[in-house]
Structure formats: C-alpha cells, structure tokens
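Enquirer: See my_file-v2.csv below, with CSV, C-alpha atoms.
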```csv
chain,number,residue,atom,x,y,z
C,1,MET,CA,84.0,133.7,95.7
C,2,HIS,CA,87.3,131.8,95.8
C,3,ALA,CA,87.9,128.1,95.1
C,4,ALA,CA,91.4,126.5,95.2
C,5,SER,CA,91.0,123.7,92.7
C,6,VAL,CA,88.5,121.3,91.0
C,7,GLY,CA,87.1,119.9,94.3
C,8,GLU,CA,86.3,123.4,95.6
C,9,VAL,CA,84.9,124.5,92.2
C,10,THR,CA,82.6,121.5,92.3
C,11,GLY,CA,81.2,122.8,95.6
C,12,ALA,CA,80.8,126.3,94.1
C,13,ILE,CA,78.6,125.1,91.2
C,14,PRO,CA,75.3,124.7,93.0
C,15,ILE,CA,76.0,127.9,95.1
C,16,VAL,CA,76.5,129.9,91.9
C,17,HIS,CA,73.3,128.5,90.4
C,18,ALA,CA,71.3,129.2,93.5
C,19,LEU,CA,72.7,132.7,93.8
C,20,ARG,CA,71.8,133.5,90.2
C,21,GLU,CA,68.2,132.7,91.1
C,22,SER,CA,68.2,134.8,94.2
C,23,LEU,CA,70.3,137.7,92.8
C,24,PRO,CA,69.9,137.6,89.0
C,25,GLY,CA,71.5,141.0,88.5
C,26,ALA,CA,74.5,140.7,90.8
C,27,GLY,CA,78.0,140.8,89.6
C,28,LEU,CA,79.5,137.4,90.6
C,29,THR,CA,83.2,136.6,90.3
C,30,LEU,CA,84.9,133.2,91.0
C,31,THR,CA,88.6,133.1,91.4
C,32,VAL,CA,90.5,129.8,91.1
C,33,THR,CA,94.1,128.9,92.1
C,34,THR,CA,95.1,125.8,90.0
C,35,PRO,CA,95.1,125.5,86.2
C,36,GLN,CA,92.9,122.4,86.3
C,37,GLY,CA,90.4,124.1,88.6
C,38,PHE,CA,90.4,127.2,86.3
C,39,ARG,CA,89.6,125.1,83.2
C,40,PHE,CA,86.9,123.2,85.1
C,41,ALA,CA,85.3,126.4,86.3
C,42,GLY,CA,85.4,127.9,82.8
C,43,THR,CA,83.6,124.8,81.4
C,44,ASN,CA,81.0,124.6,84.1
C,45,LEU,CA,80.4,128.2,85.3
C,46,SER,CA,81.4,130.8,82.8
C,47,ARG,CA,77.8,131.4,81.7
C,48,TRP,CA,76.9,132.5,85.3
C,49,ALA,CA,80.0,134.0,86.7
C,50,GLU,CA,83.2,135.8,85.7
C,51,ILE,CA,86.1,133.3,86.2
C,52,LEU,CA,89.5,134.7,87.0
C,53,PRO,CA,92.8,133.4,88.3
C,54,PHE,CA,93.3,133.9,92.0
C,55,PRO,CA,95.5,137.0,92.6
C,56,LEU,CA,98.7,136.1,94.3
C,57,ASP,CA,98.7,137.0,98.0
C,58,PHE,CA,100.9,140.1,97.6
C,59,PRO,CA,99.6,143.6,98.5
C,60,GLY,CA,100.3,145.2,95.2
C,61,VAL,CA,98.6,142.4,93.2
C,62,LEU,CA,95.6,142.4,95.6
C,63,GLN,CA,95.3,146.1,95.5
C,64,ARG,CA,94.8,146.0,91.7
C,65,ALA,CA,92.4,143.1,92.0
C,66,PHE,CA,90.2,144.9,94.6
C,67,GLN,CA,90.2,148.0,92.5
C,68,LYS,CA,88.9,146.0,89.5
C,69,LEU,CA,86.3,143.9,91.4
C,70,GLU,CA,85.2,146.2,94.3
C,71,PRO,CA,83.7,143.2,96.2
C,72,ASP,CA,80.8,143.6,98.6
C,73,LEU,CA,81.5,140.1,100.1
C,74,TYR,CA,84.2,137.5,100.0
C,75,VAL,CA,83.1,133.9,100.1
C,76,ALA,CA,85.9,131.3,100.9
C,77,LEU,CA,85.3,127.7,100.0
C,78,GLU,CA,86.6,124.9,102.3
C,79,ALA,CA,89.9,126.3,103.6
C,80,GLU,CA,91.2,129.5,102.0
C,81,PHE,CA,93.0,131.7,104.6
C,82,TRP,CA,95.4,134.2,103.0
C,83,PRO,CA,96.9,136.8,105.4
C,84,ASN,CA,97.3,139.7,103.0
C,85,LEU,CA,93.9,139.1,101.4
C,86,PHE,CA,92.2,139.3,104.8
C,87,ARG,CA,94.1,142.4,105.7
C,88,MET,CA,92.8,144.0,102.5
C,89,LEU,CA,89.3,142.8,103.3
C,90,GLU,CA,89.6,144.4,106.8
C,91,CYS,CA,90.9,147.7,105.5
C,92,ARG,CA,88.1,147.9,103.0
C,93,GLN,CA,85.5,146.7,105.6
C,94,THR,CA,84.5,143.9,103.2
C,95,PRO,CA,82.8,141.0,105.1
C,96,ALA,CA,83.8,137.4,104.6
C,97,VAL,CA,82.0,134.1,105.0
C,98,LEU,CA,83.3,130.5,104.9
C,99,LEU,CA,81.3,127.8,103.2
C,100,ASN,CA,81.9,124.0,103.0
C,101,GLY,CA,84.4,124.8,105.8
C,102,ARG,CA,87.0,122.2,106.6
C,103,LEU,CA,89.6,122.3,109.3
C,104,SER,CA,91.2,119.1,110.6
C,105,HIS,CA,92.6,118.8,114.1
C,106,ARG,CA,96.1,118.6,112.6
C,107,SER,CA,95.6,121.9,110.6
C,108,ALA,CA,94.1,123.6,113.6
C,109,ARG,CA,97.2,122.8,115.6
C,110,LEU,CA,99.4,124.1,112.8
C,111,TYR,CA,97.5,127.4,112.6
C,112,GLY,CA,97.7,127.5,116.4
C,113,PHE,CA,101.5,127.8,116.2
C,114,PHE,CA,101.0,131.0,114.2
C,115,LYS,CA,98.2,132.6,116.3
C,116,SER,CA,99.2,136.2,115.6
C,117,THR,CA,98.7,135.6,111.9
C,118,PHE,CA,95.8,133.3,111.6
C,119,ARG,CA,93.6,133.9,114.7
C,120,PRO,CA,92.6,137.4,113.3
C,121,ILE,CA,91.7,135.7,110.0
C,122,PHE,CA,89.3,133.2,111.6
C,123,ARG,CA,87.7,135.9,113.8
C,124,GLN,CA,87.1,138.1,110.7
C,125,PHE,CA,84.5,135.7,109.2
C,126,SER,CA,81.0,136.8,110.0
C,127,CYS,CA,79.8,133.2,109.6
C,128,LEU,CA,81.7,129.9,109.2
C,129,ALA,CA,79.4,127.1,107.8
C,130,MET,CA,81.4,124.0,108.5
C,131,HIS,CA,81.3,120.5,106.9
C,132,SER,CA,81.2,118.6,110.2
C,133,GLU,CA,81.0,119.0,113.9
C,134,GLU,CA,84.7,118.2,114.2
C,135,ASP,CA,85.5,121.0,111.8
C,136,ARG,CA,83.3,123.4,113.8
C,137,LYS,CA,85.0,122.5,117.0
C,138,ASN,CA,88.4,123.1,115.5
C,139,VAL,CA,87.7,126.6,114.3
C,140,VAL,CA,86.2,127.5,117.8
C,141,LEU,CA,89.5,126.3,119.3
C,142,LEU,CA,91.2,129.0,117.2
C,143,GLY,CA,89.2,131.7,118.8
C,144,VAL,CA,86.1,131.9,116.6
C,145,PRO,CA,83.0,132.8,118.6
C,146,PRO,CA,80.7,129.7,118.6
C,147,GLU,CA,77.7,131.7,117.7
C,148,ARG,CA,79.3,132.6,114.3
C,149,THR,CA,79.6,128.9,113.4
C,150,CYS,CA,77.3,126.2,112.2
C,151,VAL,CA,77.4,122.8,110.6
C,152,LEU,CA,75.7,122.5,107.2
C,153,GLY,CA,77.7,119.8,105.4
C,154,SER,CA,78.8,120.5,101.8
C,155,SER,CA,77.3,121.9,98.7
C,156,LYS,CA,79.2,119.3,96.8
C,157,TYR,CA,76.3,116.9,97.5
C,158,ASP,CA,74.0,119.2,95.4
C,159,ALA,CA,76.7,119.6,92.8
C,160,ILE,CA,76.8,115.8,92.3
C,161,VAL,CA,73.2,115.7,91.4
C,162,LEU,CA,73.5,118.7,89.1
C,163,ARG,CA,76.4,117.1,87.1
C,164,LYS,CA,74.4,114.1,85.9
C,165,ASP,CA,74.1,114.0,82.1
C,166,PRO,CA,72.6,110.7,80.9
C,167,GLU,CA,73.4,111.6,77.3
C,168,LYS,CA,77.1,111.6,78.0
C,169,VAL,CA,76.7,108.1,79.6
C,170,GLU,CA,74.9,106.7,76.6
C,171,HIS,CA,77.7,108.1,74.4
C,172,LEU,CA,80.3,106.5,76.5
C,173,LYS,CA,78.5,103.1,76.3
C,174,ARG,CA,78.6,103.3,72.5
C,175,VAL,CA,82.2,104.5,72.3
C,176,LEU,CA,83.4,101.8,74.7
C,177,ASN,CA,81.3,99.1,73.1
C,178,LEU,CA,79.5,98.0,76.3
C,179,PRO,CA,76.5,95.9,75.7
C,180,GLY,CA,73.9,95.9,78.4
C,181,ASN,CA,74.6,92.4,79.5
C,182,VAL,CA,78.3,92.9,80.1
C,183,PRO,CA,79.2,93.4,83.8
C,184,VAL,CA,81.6,96.3,84.4
C,185,VAL,CA,84.1,97.1,87.2
C,186,VAL,CA,85.1,100.7,87.8
C,187,GLY,CA,88.0,101.6,90.0
C,188,GLY,CA,88.2,105.4,90.5
C,189,SER,CA,90.6,107.8,92.1
C,190,LEU,CA,93.1,105.1,92.7
C,191,ARG,CA,96.2,106.0,94.7
C,192,ARG,CA,99.7,104.4,94.7
C,193,LEU,CA,99.4,100.6,95.2
C,194,GLU,CA,95.7,100.7,94.8
C,195,CYS,CA,96.4,101.0,91.1
C,196,ILE,CA,98.0,97.6,91.1
C,197,TRP,CA,95.8,96.0,93.7
C,198,LEU,CA,92.6,96.7,91.7
C,199,LEU,CA,94.2,95.2,88.6
C,200,GLU,CA,95.0,92.1,90.6
C,201,VAL,CA,91.5,91.9,91.9
C,202,PHE,CA,90.1,92.3,88.4
C,203,ARG,CA,92.3,89.5,87.0
C,204,SER,CA,91.1,87.1,89.7
C,205,LEU,CA,87.5,88.1,89.2
C,206,SER,CA,87.7,87.6,85.5
C,207,HIS,CA,88.1,83.9,86.1
C,208,VAL,CA,84.6,84.0,87.7
C,209,ASP,CA,83.2,85.9,84.7
C,210,PRO,CA,85.4,85.9,81.6
C,211,GLY,CA,83.2,88.6,80.0
C,212,LEU,CA,84.0,91.2,82.7
C,213,VAL,CA,85.2,94.6,81.6
C,214,GLY,CA,87.3,96.8,83.9
C,215,ILE,CA,87.7,100.6,83.8
C,216,PHE,CA,90.5,101.9,86.0
C,217,ALA,CA,91.2,105.6,86.7
C,218,PRO,CA,94.2,106.6,88.8
C,219,ARG,CA,93.9,109.8,90.8
C,220,HIS,CA,97.1,111.1,89.1
C,221,MET,CA,98.0,110.4,85.5
C,222,ALA,CA,101.6,109.7,86.6
C,223,GLN,CA,100.4,106.3,87.8
C,224,VAL,CA,99.4,105.2,84.3
C,225,PRO,CA,102.9,104.0,83.2
C,226,ASN,CA,103.1,101.8,86.4
C,227,MET,CA,99.7,100.3,85.5
C,228,ILE,CA,100.8,99.6,81.9
C,229,LYS,CA,104.0,98.0,83.2
C,230,TRP,CA,102.1,95.6,85.4
C,231,LEU,CA,99.6,94.8,82.6
C,232,ASP,CA,102.4,94.1,80.1
C,233,SER,CA,104.2,91.8,82.6
C,234,ALA,CA,101.0,89.9,83.6
C,235,PRO,CA,100.4,89.8,80.6
C,236,PHE,CA,96.8,91.1,80.4
C,237,PRO,CA,95.1,92.8,77.5
C,238,TYR,CA,94.3,96.5,77.9
C,239,GLN,CA,93.6,99.7,76.0
C,240,LEU,CA,94.0,103.4,76.7
C,241,LEU,CA,90.7,105.4,76.9
C,242,SER,CA,92.2,108.3,75.0
C,243,ARG,CA,92.9,106.1,71.9
C,244,ILE,CA,89.4,104.6,72.0
C,245,GLU,CA,87.8,108.0,72.3
C,246,ALA,CA,89.9,109.3,69.4
C,247,GLY,CA,88.6,106.5,67.2
C,248,GLN,CA,92.1,105.1,66.7
C,249,GLU,CA,90.9,101.7,67.8
C,250,ALA,CA,87.7,100.0,68.9
C,251,ARG,CA,87.4,98.7,72.4
C,252,SER,CA,88.0,95.0,72.5
C,253,ALA,CA,90.3,94.4,75.5
C,254,PRO,CA,88.9,93.6,79.0
C,255,VAL,CA,90.8,96.5,80.7
C,256,ILE,CA,90.5,100.2,79.9
C,257,LEU,CA,93.0,102.5,81.5
C,258,VAL,CA,91.7,106.1,82.0
C,259,ASP,CA,94.6,108.3,80.9
C,260,ARG,CA,92.9,111.7,81.1
C,261,ILE,CA,91.1,113.6,83.8
C,262,GLY,CA,87.6,115.0,84.1
C,263,ILE,CA,85.6,111.9,83.0
C,264,LEU,CA,85.5,109.7,86.1
C,265,PHE,CA,82.1,110.9,87.3
C,266,ASP,CA,80.5,109.8,84.1
C,267,LEU,CA,82.4,106.5,84.1
C,268,TYR,CA,80.9,105.6,87.5
C,269,ALA,CA,77.5,105.4,85.7
C,270,LEU,CA,78.8,102.4,83.7
C,271,GLY,CA,79.9,100.3,86.7
C,272,ASP,CA,78.2,97.4,88.3
C,273,LEU,CA,81.0,96.9,90.8
C,274,VAL,CA,82.5,100.3,91.9
C,275,PHE,CA,85.5,101.0,94.1
C,276,CYS,CA,86.6,104.4,95.2
C,277,GLY,CA,90.2,104.9,96.0
C,278,GLY,CA,92.3,106.8,98.5
C,279,THR,CA,90.8,104.4,101.1
C,280,LEU,CA,92.9,101.3,101.0
C,281,GLU,CA,96.0,103.5,100.9
C,282,PRO,CA,96.0,106.0,103.8
C,283,PHE,CA,94.7,109.1,102.0
C,284,ASP,CA,91.5,109.4,104.0
C,285,GLY,CA,89.0,109.0,101.1
C,286,HIS,CA,87.9,110.5,97.8
C,287,ASN,CA,84.5,111.2,96.2
C,288,ILE,CA,82.7,108.2,97.7
C,289,LEU,CA,79.3,109.8,97.0
C,290,GLU,CA,79.8,110.3,93.2
C,291,PRO,CA,78.7,106.7,92.3
C,292,ALA,CA,75.5,107.2,94.4
C,293,ALA,CA,74.3,109.9,92.0
C,294,TRP,CA,74.0,107.1,89.4
C,295,GLY,CA,72.3,104.7,91.8
C,296,LYS,CA,75.5,102.7,92.3
C,297,PRO,CA,76.6,101.2,95.6
C,298,VAL,CA,80.2,101.9,96.4
C,299,PHE,CA,83.0,99.8,97.9
C,300,TYR,CA,85.9,101.4,99.7
C,301,GLY,CA,88.6,100.8,102.2
C,302,PRO,CA,89.0,101.8,105.9
C,303,HIS,CA,90.9,105.1,105.5
C,304,LEU,CA,87.9,107.5,105.5
C,305,GLN,CA,88.8,110.5,107.8
C,306,LYS,CA,88.0,113.1,105.1
C,307,VAL,CA,84.6,111.4,104.2
C,308,LEU,CA,83.3,110.2,107.5
C,309,VAL,CA,80.0,112.1,107.2
C,310,GLU,CA,79.4,110.6,103.7
C,311,HIS,CA,80.5,107.1,104.9
C,312,ASN,CA,78.1,107.2,107.9
C,313,MET,CA,75.2,108.3,105.8
C,314,LEU,CA,75.9,105.7,103.1
C,315,GLN,CA,76.2,103.0,105.8
C,316,SER,CA,73.0,104.0,107.5
C,317,PHE,CA,71.1,103.6,104.2
C,318,LYS,CA,73.0,100.4,103.4
C,319,GLY,CA,74.3,102.0,100.2
C,320,SER,CA,78.1,101.2,100.6
C,321,PHE,CA,80.4,98.3,101.5
C,322,LEU,CA,83.5,98.7,103.6
C,323,VAL,CA,86.5,96.4,102.8
C,324,GLN,CA,89.7,95.9,104.8
C,325,ASP,CA,92.1,95.1,102.0
C,326,SER,CA,92.3,94.0,98.4
C,327,GLY,CA,91.7,90.3,99.4
C,328,ASP,CA,88.5,91.3,101.2
C,329,LEU,CA,87.4,93.3,98.1
C,330,LEU,CA,87.9,90.3,95.9
C,331,GLN,CA,85.9,88.1,98.3
C,332,GLN,CA,83.0,90.6,98.4
C,333,TRP,CA,83.0,91.1,94.6
C,334,THR,CA,83.1,87.4,94.0
C,335,TYR,CA,79.9,87.1,96.0
C,336,TRP,CA,78.2,90.1,94.4
C,337,ILE,CA,79.0,89.4,90.8
C,338,GLU,CA,76.6,86.5,91.0
C,339,ARG,CA,74.0,88.7,92.5
C,340,LEU,CA,74.0,91.9,90.6
C,341,PRO,CA,70.2,92.5,90.5
C,342,LEU,CA,70.2,92.3,94.3
C,343,LEU,CA,73.2,94.7,94.4
C,344,LYS,CA,71.2,97.3,92.4
C,345,ARG,CA,68.9,97.6,95.4
C,346,HIS,CA,71.8,98.9,97.5
C,347,GLY,CA,72.5,101.3,94.7
C,348,GLU,CA,69.0,102.9,95.2
C,349,ASN,CA,69.8,103.1,98.8
C,350,ALA,CA,73.0,105.0,98.0
C,351,ARG,CA,71.0,107.5,95.9
C,352,ALA,CA,68.6,108.0,98.8
C,353,ALA,CA,71.6,108.7,101.1
C,354,LEU,CA,72.9,111.4,98.7
C,355,LEU,CA,69.5,113.1,98.5
C,356,LYS,CA,69.3,113.1,102.3
C,357,LEU,CA,72.6,115.0,102.4
C,358,GLY,CA,71.4,117.5,99.8
C,359,GLY,CA,69.8,121.0,100.0
C,360,VAL,CA,73.0,122.6,101.5
C,361,SER,CA,73.5,125.2,98.8
C,362,ALA,CA,70.1,126.8,99.5
C,363,ARG,CA,71.0,127.3,103.2
C,364,GLN,CA,74.4,128.6,102.2
C,365,VAL,CA,72.8,131.2,99.9
C,366,ASP,CA,70.8,132.4,102.9
C,367,ILE,CA,74.1,133.0,104.7
C,368,ILE,CA,75.4,135.0,101.8
C,369,LEU,CA,72.2,137.1,101.5
C,370,SER,CA,72.3,137.8,105.3
C,371,ALA,CA,75.9,138.9,105.1
C,372,LEU,CA,75.1,141.3,102.2
C,373,SER,CA,72.1,142.6,104.1
C,374,ASP,CA,74.2,143.3,107.2
C,375,ARG,CA,76.8,145.1,105.1
C,376,ALA,CA,74.1,147.3,103.5
C,377,SER,CA,72.7,148.1,106.9
C,378,SER,CA,76.1,149.1,108.2
C,379,HIS,CA,76.8,151.4,105.3
C,380,ALA,CA,73.3,153.0,105.3
```
Starting from the file, give its structure as structure tokens.

Expert:
Amino acid sequence: MHAASVGEVTGAIPIVHALRESLPGAGLTLTVTTPQGFRFAGTNLSRWAEILPFPLDFPGVLQRAFQKLEPDLYVALEAEFWPNLFRMLECRQTPAVLLNGRLSHRSARLYGFFKSTFRPIFRQFSCLAMHSEEDRKNVVLLGVPPERTCVLGSSKYDAIVLRKDPEKVEHLKRVLNLPGNVPVVVGGSLRRLECIWLLEVFRSLSHVDPGLVGIFAPRHMAQVPNMIKWLDSAPFPYQLLSRIEAGQEARSAPVILVDRIGILFDLYALGDLVFCGGTLEPFDGHNILEPAAWGKPVFYGPHLQKVLVEHNMLQSFKGSFLVQDSGDLLQQWTYWIERLPLLKRHGENARAALLKLGGVSARQVDIILSALSDRASSHA
C-alpha cells in the first residue's frame, strides 16, 4: 500500500486493521512519502504493517524495492500515479487498485494534457474505488472503463472513529486546567487570515462570556508567529500549548495557541464551539468530520469543494452550521453560547452523520481480496 502523507495514512489505518482480520498471515507493507506521514504511520500502524519510505520514482530504485518486497498487489490511496512505478507493475504483472480515489476536474484536465503518460496508468487499475461520483466521472474521462469504477466514499470515516481515545482527552483537560463548566472554543486547521479572524471573533465573544477559553490550531506552524504578533498588539493574554504540556507553566490565559502538530483531533473533543478552517479562506475544506467523532457540531465557511460529501451528510443530519464570513460566525456563536445544551443535540446529529458514512473499509478489503484472488487464478 502507498500513502503520500498524514491524510492518506489516516485512510490506511482502518484498511490495515480490516486486512489483518481477513489475512492475518499476509505480509503487508505501507510506504509513505512525507516525513510527517512516515512518523504518523510508524506511531499508528507499525504493529500491523512494515512501514517504509516510498522509493523514489526512478527505475533503479524501484527495481531494488520490488526485489525486496515482491508485491502481489499495489494499493494506491487517493491519488498516487507514478509513471515508472506503474511500468514496473506492468512488467511484473502485478495488479493495482485505487482506494479513497480522488481526481478533481482540474487534475483530470492536467492529466489529459499528458495522455500518453497517464492514460495507461489509469487503465492499469483493475478497480478504482472513488470518493465521490464527480471523482468517478473524471477518471472515466481519462479512459478508464466505467465497469472498473465505483463510488465507496473514504475509509477516513472509519479511521476517525478508531482514533478516539477518551483517556487522552481526560489528560488534556487536566493539563489545560479546564473545569467542566468552562465553555471552550476550538478553531482547527486555520489557514492564512483565518488565524487572525478566529482570534478577533474570540475576543468579541469573550465580552459575552468572560470565562471563555479558546484553543487555536493553525494548519501550518509557520502561522504561529503571526498569531502571536496579533495577540501581543491587541493585547490579549495567551499561552503556547507546548509550554503548558511541558509543565513550564500552568494554563491561566484565555487563549491557547497550538504550536505543535498531531493533537488537533483530541483537542476537538474539548470544544463547545468548534470551527474547522480552510473554509473561509478558499482552500476547499479540511477535516470537517473529525469533531463529529466526539459528538461536536462543526461550524465552517463556504469553501467546501474537497469535502462536499461530508458537508452534505452533516447538513442532512443537522450536525453542522455554514457561515459566510467571520462576522456571520460571531453572530452565530453569540447566539449559541447562551444555548450550549441545545447545541449538544446537534453534536449527536453530527455523530450519527459520521456513522452513516462509515463501513467503507470493509468494502475496500473485499476489493483487495478480489484482486488477489484474480491474480492467483491468472497464475494458476
């Protein structure tokens, strides 16, 4: 199996677990491209799979990797289309399947400009299990026979449920000194100006409830200095999460800046009012289902192209709230902060929406088993 980074590894987690149940004696290898994804995979999957860096797409490197691994099947996650890798798979008659498949219309047009390189790759997959109908239509436009495609959604939905660890959350509550009666705002995966807009919303909202605590996590740590600069100039009291976790200081400030990665999912569990970023800025959405695992309704902006399936499901269950800008977010949060018990009912709706989207990894394992069976038959 191959996953590019943390997001794709997240999708791999429930597939690996389900495969281990179906094929307990199989040799399973997961390759990962980015350093962050590699560390994440090692932490979460090293007990069930061999974790290796992805071999560079050069013939000599791939030759050595294939000699070591001798794969019976290649499973690509989301959008991993490497020309030399697929030539090697073809030469060795190794089948390939695509799971959690994503292909935007823009990417399909780009691949279309290089038909001679990429059309054979797409046709080489024995099955392409796509995230949405739009994704499926785009791969068909690139020459994939429609009968090889299907729409299953994403195994990330199952991964979200698997990742829940209530003990971690209780530990965080103690470390951050959050009594049960203190309302908490969580702004996660914040991009560019969202990092400042959420701080501005929080400052205004704290006039309504002076006891409010805000936890703000930028998508990229490079934004932390900009957030500090704004808080210093406001001025508004804040502390860095890393210093609190290290025991260097006790949490007393109303604002906590998250200055390390890998903890946002657990922090969502602490929130009463939760915003997911990449949606007010035009980044098309991030992780809007993660709060639902903890029974939290989620607020987000209008830029949702990457998460339309999740948005539509949350909306149909009344488990999320769409806002147009930071002013609209402030207005909605000002209303709901006085009605938090009622808001919790929407959180249960969000959890139901997540469960409705689940069960994908079991169907994906069926695809893997079918591909392995077909290969065994062809080699008999």

Enquirer: Quick one: distance from atom CA of Asp135 of chain C to atom CA of Val161 of chain C in Å, one decimal?

Expert: 24.4 Å

Enquirer: Using all atoms listed in the file for the distances, tell me which of C:Glu50, C:Glu167, C:Glu90, C:Asp272 is nearest to Gly347 of chain C.

Expert: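 Of the candidates, the smallest distance to Gly347 of chain C is held by C:Asp272.
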
Enquirer: Which residues are near Arg87 of chain C? Cut-off 10 Å, all atoms listed in the file, ignore same chain within fewer than 3 positions. Put them as a CSV table (one decimal) with C-alpha atoms, in the coordinates of the input.

Expert:
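Generated output (around-v4.csv):
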```csv
chain,number,residue,atom,x,y,z
C,59,PRO,CA,99.6,143.6,98.5
C,82,TRP,CA,95.4,134.2,103.0
C,83,PRO,CA,96.9,136.8,105.4
C,84,ASN,CA,97.3,139.7,103.0
C,90,GLU,CA,89.6,144.4,106.8
C,91,CYS,CA,90.9,147.7,105.5
C,92,ARG,CA,88.1,147.9,103.0
C,93,GLN,CA,85.5,146.7,105.6
C,120,PRO,CA,92.6,137.4,113.3
C,121,ILE,CA,91.7,135.7,110.0
C,124,GLN,CA,87.1,138.1,110.7
```

Enquirer: Between C:Pro297, C:Ile51, C:Phe86, C:Arg106, which residue has the minimum interatomic distance to Lys344 of chain C, considering only C-alpha atoms?

Expert: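 Going through C:Pro297, C:Ile51, C:Phe86, C:Arg106 one by one, the smallest distance to Lys344 of chain C is for C:Pro297.
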
Enquirer: Find the residues near Gln315 of chain C: any atom within 10 Å, counting only C-alpha atoms, skip ones fewer than 6 places away on the same chain, and give them as number ranges by chain.

Expert: C: 309, 321-322, 349-350, 353

Enquirer: N, CA, C and O atoms are needed for segment 136-154 of chain C; please write them out as a compact mmCIF listing (two decimals), in the coordinates of the input.

Expert:
```
# COMPACT_ATOMS: atom_id res chain seq x y z
N ARG C 136 83.83 122.25 112.99
CA ARG C 136 83.30 123.40 113.80
C ARG C 136 84.09 123.57 115.07
O ARG C 136 84.49 124.68 115.44
N LYS C 137 84.28 122.47 115.76
CA LYS C 137 85.00 122.50 117.00
C LYS C 137 86.42 123.05 116.84
O LYS C 137 86.95 123.79 117.68
N ASN C 138 87.04 122.68 115.75
CA ASN C 138 88.40 123.10 115.50
C ASN C 138 88.55 124.59 115.26
O ASN C 138 89.52 125.22 115.69
N VAL C 139 87.58 125.19 114.56
CA VAL C 139 87.70 126.60 114.30
C VAL C 139 87.36 127.40 115.64
O VAL C 139 87.92 128.47 115.89
N VAL C 140 86.49 126.83 116.48
CA VAL C 140 86.20 127.50 117.80
C VAL C 140 87.48 127.47 118.63
O VAL C 140 87.76 128.44 119.35
N LEU C 141 88.27 126.39 118.55
CA LEU C 141 89.50 126.30 119.30
C LEU C 141 90.49 127.44 118.88
O LEU C 141 91.37 127.83 119.65
N LEU C 142 90.33 127.94 117.67
CA LEU C 142 91.20 129.00 117.20
C LEU C 142 90.66 130.39 117.47
O LEU C 142 91.16 131.38 116.93
N GLY C 143 89.64 130.45 118.33
CA GLY C 143 89.20 131.70 118.80
C GLY C 143 87.93 132.27 118.11
O GLY C 143 87.51 133.41 118.36
N VAL C 144 87.29 131.49 117.23
CA VAL C 144 86.10 131.90 116.60
C VAL C 144 84.91 131.85 117.58
O VAL C 144 84.72 130.81 118.22
N PRO C 145 84.13 132.91 117.75
CA PRO C 145 83.00 132.80 118.60
C PRO C 145 82.00 131.74 118.15
O PRO C 145 81.65 131.70 116.97
N PRO C 146 81.60 130.84 119.04
CA PRO C 146 80.70 129.70 118.60
C PRO C 146 79.48 130.15 117.91
O PRO C 146 78.99 129.44 117.00
N GLU C 147 78.92 131.31 118.29
CA GLU C 147 77.70 131.70 117.70
C GLU C 147 77.83 132.11 116.19
O GLU C 147 76.83 132.26 115.48
N ARG C 148 79.06 132.27 115.74
CA ARG C 148 79.30 132.60 114.30
C ARG C 148 79.44 131.27 113.49
O ARG C 148 79.66 131.34 112.28
N THR C 149 79.41 130.13 114.13
CA THR C 149 79.60 128.90 113.40
C THR C 149 78.36 128.05 113.32
O THR C 149 77.43 128.22 114.12
N CYS C 150 78.34 127.19 112.33
CA CYS C 150 77.30 126.20 112.20
C CYS C 150 77.77 125.04 111.37
O CYS C 150 78.83 125.12 110.75
N VAL C 151 77.03 123.96 111.38
CA VAL C 151 77.40 122.80 110.60
C VAL C 151 76.29 122.57 109.55
O VAL C 151 75.13 122.32 109.88
N LEU C 152 76.67 122.69 108.29
CA LEU C 152 75.70 122.50 107.20
C LEU C 152 76.04 121.36 106.28
O LEU C 152 75.20 120.96 105.48
N GLY C 153 77.25 120.83 106.35
CA GLY C 153 77.70 119.80 105.40
C GLY C 153 78.31 120.52 104.19
O GLY C 153 78.95 121.57 104.33
N SER C 154 78.15 119.97 103.01
CA SER C 154 78.80 120.50 101.80
C SER C 154 77.88 120.64 100.64
O SER C 154 77.05 119.76 100.39
```
